[in-house]
Structures are given as structure tokens and as C-alpha cells.
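Structure file query.txt (compact mmCIF, C-alpha atoms and all ligand atoms) follows.
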```
# COMPACT_ATOMS: atom_id res chain seq x y z
CA MET A 1 144.66 242.06 26.44
CA ASN A 2 147.24 241.47 23.75
CA LYS A 3 147.42 237.73 23.47
CA THR A 4 147.32 235.60 20.36
CA ALA A 5 146.02 232.08 19.80
CA LEU A 6 146.91 230.04 16.75
CA ILE A 7 144.00 227.74 15.99
CA THR A 8 144.36 225.04 13.36
CA GLY A 9 141.31 223.75 11.53
CA ALA A 10 139.45 227.03 11.86
CA THR A 11 137.39 226.68 8.68
CA SER A 12 134.75 224.59 10.43
CA GLY A 13 133.50 223.07 13.67
CA PHE A 14 135.47 223.51 16.88
CA GLY A 15 138.13 225.68 15.26
CA VAL A 16 135.88 228.39 13.90
CA ALA A 17 133.86 228.45 17.13
CA ALA A 18 137.06 228.75 19.15
CA ALA A 19 138.30 231.63 16.97
CA ARG A 20 135.04 233.49 17.61
CA ARG A 21 135.28 232.78 21.35
CA PHE A 22 138.84 234.07 21.68
CA VAL A 23 138.17 237.22 19.66
CA ALA A 24 134.98 237.91 21.64
CA ALA A 25 137.23 238.05 24.72
CA GLY A 26 139.66 240.47 23.08
CA TRP A 27 142.29 238.02 21.85
CA LYS A 28 143.92 237.96 18.44
CA VAL A 29 143.80 234.74 16.46
CA VAL A 30 145.75 233.16 13.64
CA VAL A 31 143.34 230.85 11.87
CA THR A 32 144.47 228.03 9.62
CA GLY A 33 142.95 225.45 7.30
CA ARG A 34 142.96 224.59 3.62
CA ARG A 35 139.75 226.37 2.60
CA ALA A 36 141.09 229.88 2.12
CA GLU A 37 137.70 231.39 1.25
CA ARG A 38 136.27 230.28 4.60
CA LEU A 39 139.26 231.72 6.43
CA GLN A 40 138.85 235.01 4.58
CA ALA A 41 135.15 235.10 5.49
CA LEU A 42 136.12 234.56 9.13
CA VAL A 43 138.66 237.39 9.00
CA ASP A 44 136.01 239.62 7.41
CA GLU A 45 133.61 238.69 10.23
CA LEU A 46 136.09 239.12 13.09
CA GLY A 47 138.09 242.04 11.71
CA ALA A 48 141.60 242.06 10.27
CA GLU A 49 142.98 243.64 13.43
CA HIS A 50 141.78 240.59 15.40
CA ALA A 51 142.22 237.69 12.98
CA HIS A 52 144.87 236.66 10.47
CA ALA A 53 144.30 233.87 7.98
CA ALA A 54 147.04 231.42 7.05
CA ALA A 55 145.77 228.94 4.47
CA PHE A 56 147.83 225.79 4.06
CA ASP A 57 147.52 222.04 4.14
CA ILE A 58 148.81 221.14 7.58
CA ARG A 59 150.46 218.03 6.15
CA ASP A 60 152.71 220.25 4.03
CA ALA A 61 155.54 221.23 6.40
CA THR A 62 157.08 223.60 3.85
CA ALA A 63 153.82 225.51 3.44
CA MET A 64 153.32 225.52 7.20
CA ASN A 65 156.76 227.00 7.80
CA ALA A 66 156.30 229.59 5.06
CA ALA A 67 152.99 230.70 6.60
CA LEU A 68 154.46 230.92 10.10
CA ASN A 69 157.56 232.75 8.89
CA SER A 70 155.43 235.39 7.20
CA LEU A 71 153.02 236.17 10.01
CA PRO A 72 152.50 239.93 10.37
CA GLU A 73 154.32 241.29 13.42
CA ALA A 74 151.07 241.88 15.32
CA PHE A 75 150.26 238.15 15.07
CA ALA A 76 153.76 236.67 15.28
CA GLY A 77 153.89 236.00 19.02
CA ILE A 78 151.80 232.90 19.66
CA ASP A 79 150.70 232.50 23.29
CA VAL A 80 148.27 229.62 22.80
CA LEU A 81 148.52 226.83 20.25
CA VAL A 82 145.25 225.00 19.65
CA ASN A 83 146.09 221.83 17.73
CA ASN A 84 142.57 221.20 16.47
CA ALA A 85 142.86 220.31 12.77
CA GLY A 86 142.13 216.66 12.31
CA LEU A 87 139.77 214.13 10.92
CA ALA A 88 138.43 210.62 10.87
CA GLN A 89 138.04 208.85 7.57
CA GLY A 90 136.05 205.67 7.33
CA THR A 91 133.91 203.64 9.70
CA ARG A 92 134.63 200.18 8.40
CA PRO A 93 136.49 197.47 10.31
CA ALA A 94 140.26 197.39 9.87
CA GLN A 95 140.14 194.43 7.52
CA GLN A 96 137.94 196.42 5.11
CA ALA A 97 139.41 199.88 5.65
CA SER A 98 141.15 202.01 3.05
CA LEU A 99 144.90 202.32 3.53
CA ASP A 100 144.69 205.80 1.99
CA ASP A 101 142.23 206.82 4.72
CA TRP A 102 144.57 205.45 7.37
CA ARG A 103 147.54 207.35 5.97
CA THR A 104 145.52 210.58 5.73
CA MET A 105 144.54 210.32 9.41
CA ILE A 106 148.09 209.55 10.54
CA ASP A 107 149.60 212.31 8.39
CA THR A 108 147.07 214.89 9.67
CA ASN A 109 146.30 213.92 13.25
CA VAL A 110 149.78 212.73 14.22
CA THR A 111 152.58 213.89 11.93
CA ALA A 112 151.25 217.39 11.20
CA LEU A 113 150.29 218.01 14.83
CA ALA A 114 153.75 216.98 16.02
CA THR A 115 155.45 219.04 13.30
CA LEU A 116 153.57 222.23 14.16
CA THR A 117 154.14 221.71 17.87
CA HIS A 118 157.87 221.19 17.29
CA ARG A 119 158.00 224.36 15.17
CA LEU A 120 156.31 226.52 17.82
CA LEU A 121 157.84 225.06 21.00
CA PRO A 122 160.73 227.56 21.29
CA SER A 123 158.43 230.57 21.16
CA LEU A 124 155.82 228.92 23.38
CA ILE A 125 158.53 228.31 25.98
CA ALA A 126 159.77 231.90 25.66
CA ARG A 127 156.22 233.18 26.23
CA LYS A 128 155.22 230.58 28.87
CA GLY A 129 152.41 229.60 26.54
CA VAL A 130 149.67 227.02 26.45
CA ILE A 131 149.29 224.01 24.15
CA ILE A 132 145.78 222.62 23.76
CA ASN A 133 145.58 219.41 21.78
CA ILE A 134 142.21 218.19 20.55
CA SER A 135 142.14 214.47 21.12
CA SER A 136 138.96 212.41 21.48
CA VAL A 137 137.18 209.88 23.65
CA ALA A 138 138.31 207.52 20.87
CA ALA A 139 141.79 207.77 22.40
CA THR A 140 140.63 205.85 25.45
CA TYR A 141 137.58 203.82 24.42
CA PRO A 142 137.85 201.56 21.39
CA TYR A 143 134.80 200.99 19.21
CA PRO A 144 134.22 199.04 15.99
CA GLY A 145 135.55 201.00 13.04
CA GLY A 146 137.59 203.32 15.24
CA ASN A 147 140.87 201.51 14.51
CA VAL A 148 143.41 204.06 13.18
CA TYR A 149 141.38 207.13 14.16
CA GLY A 150 141.42 205.98 17.80
CA GLY A 151 145.11 205.19 17.44
CA THR A 152 145.91 208.68 16.22
CA LYS A 153 143.97 210.24 19.08
CA ALA A 154 145.70 207.96 21.60
CA PHE A 155 148.91 209.46 20.23
CA VAL A 156 147.55 212.97 20.78
CA SER A 157 146.62 212.24 24.39
CA GLN A 158 149.89 210.50 25.23
CA PHE A 159 151.96 213.11 23.38
CA SER A 160 150.23 215.74 25.50
CA LEU A 161 151.24 213.99 28.71
CA GLY A 162 154.77 213.54 27.40
CA LEU A 163 154.99 217.24 26.59
CA ARG A 164 153.87 218.03 30.13
CA SER A 165 156.74 215.97 31.41
CA ASP A 166 159.37 217.41 29.08
CA LEU A 167 158.18 220.99 29.60
CA HIS A 168 158.47 220.64 33.37
CA GLY A 169 159.71 223.88 34.86
CA THR A 170 159.17 225.97 31.72
CA GLY A 171 155.76 227.29 32.74
CA VAL A 172 154.24 225.98 29.51
CA ARG A 173 150.91 224.29 30.10
CA VAL A 174 149.59 221.38 28.04
CA THR A 175 146.07 220.00 27.95
CA SER A 176 144.49 217.22 25.95
CA ILE A 177 140.80 217.89 25.39
CA GLU A 178 138.97 214.65 24.66
CA PRO A 179 135.43 215.20 23.36
CA GLY A 180 132.78 212.66 22.56
CA MET A 181 130.03 213.26 20.02
CA ALA A 182 129.76 216.83 18.78
CA GLU A 183 127.88 217.95 15.69
CA THR A 184 130.29 219.53 13.20
CA GLU A 185 131.39 218.54 9.70
CA PHE A 186 133.29 215.65 11.35
CA THR A 187 130.87 212.91 10.22
CA LEU A 188 130.43 214.43 6.77
CA VAL A 189 134.21 214.17 6.37
CA ARG A 190 134.38 210.73 7.95
CA THR A 191 131.79 209.37 5.50
CA HIS A 192 133.37 211.11 2.51
CA GLY A 193 130.42 213.47 2.12
CA ASP A 194 127.38 211.43 3.16
CA GLN A 195 125.10 214.18 4.52
CA ALA A 196 122.27 211.69 5.24
CA ALA A 197 124.59 209.57 7.40
CA SER A 198 125.73 212.65 9.28
CA ASP A 199 122.15 213.85 9.84
CA LYS A 200 121.13 210.37 11.01
CA LEU A 201 123.93 210.14 13.56
CA TYR A 202 123.11 213.44 15.21
CA SER A 203 119.33 213.36 14.81
CA GLY A 204 117.59 213.26 18.18
CA ALA A 205 120.90 212.66 19.98
CA ASN A 206 121.31 216.14 21.45
CA PRO A 207 125.05 216.09 20.71
CA MET A 208 127.52 218.65 21.94
CA THR A 209 127.96 221.73 19.77
CA ALA A 210 131.11 223.33 18.44
CA GLU A 211 130.44 226.20 20.82
CA ASP A 212 130.40 223.80 23.80
CA ILE A 213 133.92 222.67 22.93
CA ALA A 214 135.10 226.19 22.10
CA GLU A 215 134.05 227.26 25.59
CA GLN A 216 136.19 224.49 27.10
CA ILE A 217 139.16 225.41 24.91
CA PHE A 218 138.86 229.03 26.02
CA HIS A 219 138.47 227.99 29.65
CA VAL A 220 141.64 225.92 29.54
CA ALA A 221 143.54 228.73 27.77
CA THR A 222 142.60 231.24 30.43
CA LEU A 223 143.17 229.28 33.62
CA PRO A 224 145.37 230.92 36.23
CA PRO A 225 149.03 230.28 35.26
CA HIS A 226 149.65 227.91 38.19
CA LEU A 227 146.97 225.44 37.04
CA ASN A 228 147.20 222.70 34.41
CA ILE A 229 144.33 220.45 33.41
CA ASN A 230 146.14 217.43 32.00
CA ARG A 231 143.20 215.90 30.18
CA LEU A 232 139.60 216.94 29.88
CA GLU A 233 137.12 214.30 28.70
CA ILE A 234 133.67 215.58 27.77
CA MET A 235 130.57 213.87 26.41
CA PRO A 236 126.99 214.85 25.80
CA VAL A 237 124.72 213.42 28.49
CA THR A 238 123.10 211.24 25.82
CA GLN A 239 126.35 209.37 25.12
CA SER A 240 127.84 206.73 27.42
CA PHE A 241 129.52 203.33 27.38
CA ALA A 242 128.36 199.95 26.09
CA GLY A 243 129.68 196.57 27.15
CA PHE A 244 132.25 194.24 25.65
CA GLN A 245 131.24 192.10 22.70
CA VAL A 246 131.61 188.32 22.59
CA ALA A 247 131.86 186.28 19.40
CA ARG A 248 130.22 182.86 19.86
CA ASP A 249 130.64 179.61 17.93
P1 LIG B 1 135.38 219.58 11.20
O1 LIG B 1 135.45 218.62 10.06
O2 LIG B 1 134.19 220.45 11.31
O3 LIG B 1 136.71 220.51 11.21
C1 LIG B 1 137.97 219.96 10.95
C2 LIG B 1 138.96 221.05 10.66
O4 LIG B 1 140.25 220.45 10.42
C3 LIG B 1 138.61 221.86 9.42
O5 LIG B 1 138.78 223.23 9.69
C4 LIG B 1 139.62 221.40 8.40
O6 LIG B 1 139.98 222.45 7.51
C5 LIG B 1 140.82 221.03 9.27
N1 LIG B 1 141.69 220.11 8.57
C6 LIG B 1 141.47 218.81 8.28
N2 LIG B 1 142.47 218.33 7.50
C7 LIG B 1 143.32 219.37 7.30
C8 LIG B 1 144.53 219.53 6.55
N3 LIG B 1 145.07 218.51 5.86
N4 LIG B 1 145.14 220.74 6.54
C9 LIG B 1 144.60 221.77 7.24
N5 LIG B 1 143.48 221.69 7.97
C10 LIG B 1 142.84 220.49 7.98
O7 LIG B 1 135.54 218.69 12.51
P2 LIG B 1 135.61 219.06 14.08
O8 LIG B 1 135.55 220.52 14.31
O9 LIG B 1 134.63 218.19 14.75
O10 LIG B 1 137.04 218.48 14.41
C11 LIG B 1 138.08 219.22 15.02
C12 LIG B 1 138.94 218.25 15.81
O11 LIG B 1 138.15 217.68 16.85
C13 LIG B 1 139.49 217.09 15.02
O12 LIG B 1 140.84 216.85 15.42
C14 LIG B 1 138.60 215.92 15.42
O13 LIG B 1 139.25 214.68 15.30
C15 LIG B 1 138.31 216.27 16.84
N6 LIG B 1 137.13 215.68 17.47
C16 LIG B 1 135.88 215.84 16.93
C17 LIG B 1 134.78 215.30 17.56
C18 LIG B 1 133.39 215.41 17.03
O14 LIG B 1 132.53 214.62 17.43
N7 LIG B 1 133.09 216.36 16.16
C19 LIG B 1 134.93 214.60 18.85
C20 LIG B 1 136.28 214.46 19.30
C21 LIG B 1 137.32 215.00 18.64
P3 LIG B 1 140.05 222.33 5.90
O15 LIG B 1 139.19 221.17 5.49
O16 LIG B 1 139.56 223.65 5.41
O17 LIG B 1 141.49 222.12 5.61
C1 LIG B 2 135.13 211.88 17.57
C2 LIG B 2 134.30 211.19 18.58
O1 LIG B 2 133.19 209.02 19.21
O2 LIG B 2 133.16 209.64 16.86
O3 LIG B 2 136.46 211.89 17.95
O4 LIG B 2 135.19 208.86 17.87
S1 LIG B 2 133.97 209.60 18.10
```
The structure in this file should be written as C-alpha cells.
Amino acid sequence: MNKTALITGATSGFGVAAARRFVAAGWKVVVTGRRAERLQALVDELGAEHAHAAAFDIRDATAMNAALNSLPEAFAGIDVLVNNAGLAQGTRPAQQASLDDWRTMIDTNVTALATLTHRLLPSLIARKGVIINISSVAATYPYPGGNVYGGTKAFVSQFSLGLRSDLHGTGVRVTSIEPGMAETEFTLVRTHGDQAASDKLYSGANPMTAEDIAEQIFHVATLPPHLNINRLEIMPVTQSFAGFQVARD
């Protein structure tokens, strides 16, 4: 085994769990995120021969390119791109939402994801690689306060299908993984640091874990090369759908 996965957002949640899962199976990983000290701790845990840290803000295309251009040779050939870095900010209805939050979500979940994908496409095609985009159930099912977050994830899902179409015949596989509720730092970030709100959301709900999603990411990455899962929607059993709402006079 001499394959390498580049996993964005590997300082927390799905990303760090995925890095551990790939390395446990003998892969090498390039792990990215802004919090350099967490990335270094992960490299220390996994071993420098298995993991390479590239700390940058994914919205900064110059920093992204510099990091990718200076990958050590042993990590330079990316076979699997896991576009995981992302966030929700805010839970308020659109008419009360912060425009800064909206721009942060679009810049991170849409623009940065597309930029990194564009940067790595030539080498992914050359290596017949795999692109795994972390979307969300919010891409498909609207809910109050989901507004721009759901919009960004709808982009991720549709972009994934579009890539499938454009990459026809190249052997490159593309999957959109669309999780529901999973306990990570996601809600802490969404609420701008409200630990009590995060604890309340997950309390008693038996949510999915980061490891649950990491297992699915690894599964998709290691399918036989003639198979492509286009989209994979996953929820905890405790989460399902509610009805439409009706405003009355
Ligand atoms: P976490 O908050 O635990 O992890 C998010 C990761 O994204 C962190 O490693 C963070 O790194 C990185 N990230 C965010 N912004 C940036 C940035 N500007 N530059 C670089 N890295 C960035 O959340 P999850 O693990 O839950 O989220 C991972 C993905 O899964 C996201 O795309 C999220 O939308 C999606 N998702 C999550 C669900 C859930 O219920 N948890 C369900 C469905 C989808 P750092 O802060 O160090 O930069
Ligand atoms: C995260 C899942 O349901 O909070 O993407 O939007 S949800």
C-alpha cells in the first residue's frame, strides 16, 4: 500500500477521524486545517512517515497553492481528495442572519472547495483518483435557519454530480457524502462557541460519531475501481423528517 489521501479539515471531527482510519489501513495522509498545533499533534500521533501537516486557511488560495507546491515527495501524489473542511455559522432565519456568516460559509464550503478541486484535478486524473466531497442532508432537506448553509451544501452535492459527468472516461470517481447529525465541533462552531447549545443538541440523541463518517469515507475510497457511489446520505436512526409548516392568519 502506497496511496495518499489529502484530507481537509483534519484538526477536528470527521477529518481527524478519517486521517486515523486511512493511516490505520496503511495509507499516507496529508492533513490540513488552520490550527497548526492540532495538525502537529496528529502527525506526532500517526507518525511523520504516515502523515504530513499542511496548515493554511483554505480560503487563502495563495497559501493553499504554496502548501501543495511544497509537499514532500513522499506525499506529493494525491490519490484521494477528501473535501471535508467546512462549517455552518448561525441558526437564525435569513432575515436575521449575519451577512459575514453567510460569506464565511460560501467562501469556505463553496469557493475554497472548488479551488482545491480545480488545483488537484490534473493529478487526480493522472492517477485515476477519487474525490470525496462532504456535503450534508441540508443539501436536500431545507429547515429553518439552514438558509445559506443548505445552499452551500446543495452546491457541493450538485458539483459532485457535475464532476462525475465531466470526468466521464477518466476513471476518476466522485462521491458526495451527505451526513445528518453527527457530534463533532460542528455545533460549537455554528453557535460561535456556545458549548451548552452544542451539548443540548446532542444530549440523548444518540447522534452519529466522527468515526461513523470516517468509516464511510474510507469505504468509498476503497471501493473496487469499477464502482462509483454517486451520493451517500446517512443519518442516525434517531433523526428523520418532519412535515411542512403552514402559516395561518
Ligand atoms: P468540525 O467543526 O469538527 O471540523 C471542521 C473542520 O473544518 C476543522 O478541521 C476546521 O479546521 C476545518 N475548517 C473550517 N474552516 C476552515 C478554513 N477556513 N480553513 C481550513 N480549514 C477549515 O466539523 P465536522 O467534522 O462536523 O465537519 C466536517 C464537514 O462535515 C463540514 O463540511 C460540515 O459542513 C460537514 N457536515 C457535518 C455534519 C455534522 O453534523 N457534524 C453533518 C453533515 C455535514 P480549523 O478550524 O483548524 O481550520
Ligand atoms: C450538518 C447537518 O442537519 O445540522 O450538515 O444541517 S444539519
**OP:** Set the cut-off to 6 Å, count all atoms listed in the file, and list whatever residues fall near ligand LIG 2 (chain B) as a PyMOL selection string.
**Re:** chain A and resi 136-138+180-181
Determine, for each residue of chain A having at least one atom at most 7 Å from an atom of ligand LIG 1 (chain B), the closest pair of atoms and their separation in Å to one decimal, counting all atoms listed in the file; order by chain and ascending number, as a tab-separated table.
```
residue	atom	partner	partner_atom	distance
A:Thr8	CA	B:LIG1	N5	6.4
A:Gly9	CA	B:LIG1	O5	3.2
A:Ala10	CA	B:LIG1	O5	4.4
A:Thr11	CA	B:LIG1	O5	3.9
A:Ser12	CA	B:LIG1	O2	4.3
A:Gly13	CA	B:LIG1	O8	3.3
A:Phe14	CA	B:LIG1	O8	3.9
A:Gly15	CA	B:LIG1	O8	5.8
A:Thr32	CA	B:LIG1	N5	6.6
A:Gly33	CA	B:LIG1	N5	3.9
A:Arg34	CA	B:LIG1	O17	3.5
A:Arg35	CA	B:LIG1	O16	3.9
A:Phe56	CA	B:LIG1	C9	6.1
A:Asp57	CA	B:LIG1	N4	3.6
A:Ile58	CA	B:LIG1	N4	3.8
A:Arg59	CA	B:LIG1	N3	5.4
A:Asn84	CA	B:LIG1	C12	4.7
A:Ala85	CA	B:LIG1	O4	3.5
A:Gly86	CA	B:LIG1	O12	3.4
A:Leu87	CA	B:LIG1	O13	4.4
A:Ala88	CA	B:LIG1	O13	6.1
A:Thr108	CA	B:LIG1	N3	5.6
A:Asn109	CA	B:LIG1	O12	6.6
A:Ile134	CA	B:LIG1	O12	5.5
A:Ser135	CA	B:LIG1	C21	5.4
A:Ser136	CA	B:LIG1	C20	4.0
A:Val137	CA	B:LIG1	C20	6.4
A:Glu178	CA	B:LIG1	C20	6.0
A:Pro179	CA	B:LIG1	C20	4.2
A:Gly180	CA	B:LIG1	C19	4.7
A:Met181	CA	B:LIG1	O14	3.8
A:Ala182	CA	B:LIG1	O14	3.8
A:Glu183	CA	B:LIG1	N7	5.5
A:Thr184	CA	B:LIG1	O2	4.4
A:Glu185	CA	B:LIG1	O2	3.8
A:Phe186	CA	B:LIG1	O1	3.9
A:Val189	CA	B:LIG1	O1	5.9
A:Ala210	CA	B:LIG1	O8	6.7
```
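Minimum atom-to-atom distances from A:Gly169, A:Pro72, A:Pro207, A:Gly162 to Val237 in chain A were compared using only C-alpha atoms, and the lowest value belongs to A:Pro207.
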Original post:
CA of Val156 in chain A and CA of Gln96 in chain A, how far apart in Å?
Top reply: 24.7 Å
**OP:** Starting from the point (138.8, 202.3, 14.0), work out which residues of protein, DNA or RNA have an atom no more than 9 Å away when counting only C-alpha atoms; state them as number ranges by chain.
**Re:** A: 88, 90-94, 97, 138, 142-151
**OP:** Using all atoms listed in the file, give me every residue within 7 Å of (153.5, 218.2, 22.7) in file coordinates, as a ChimeraX atom specification.
**Re:** /A:114,117,159-160,162-163
Original post:
If we count only C-alpha atoms, what is near Phe218 in chain A at a cut-off of 12 Å, once residues fewer than 3 positions away on the same chain are taken out, given as JSON, numbers by chain?
Top reply: {"A": [5, 7, 14, 15, 17, 18, 19, 20, 21, 22, 23, 24, 25, 26, 27, 80, 81, 82, 130, 131, 132, 175, 177, 211, 212, 213, 214, 215, 221, 222, 223]}
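Across A:Ile234, A:Asp249, A:Asn228, A:Ala53, the tightest approach to Gln216 in chain A is made by A:Ile234 when counting all atoms listed in the file.
Nearest-residue note for His168 in chain A: choosing from A:Ile125, A:Ala63, A:Leu188, A:Thr152, the minimum distance belongs to A:Ile125, counting all atoms listed in the file.
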Assuming 4 Å of padding per side, give the centre and edge lengths of the axis-aligned box around every listed atom of range 57-73 of chain A, in Å to one decimal and as AutoDock Vina command-line options.
```
--center_x 152.5 --center_y 229.7 --center_z 8.4 --size_x 18.0 --size_y 31.3 --size_z 18.0
```
Original post:
Looking at all atoms listed in the file, which of A:Gln95, A:Gln239, A:Gln89, A:Thr4 is the one that sits closest to Ala51 in chain A?
Top reply: A:Thr4
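Going from CA of Met208 in chain A to CA of Thr238 in chain A covers 9.5 Å.
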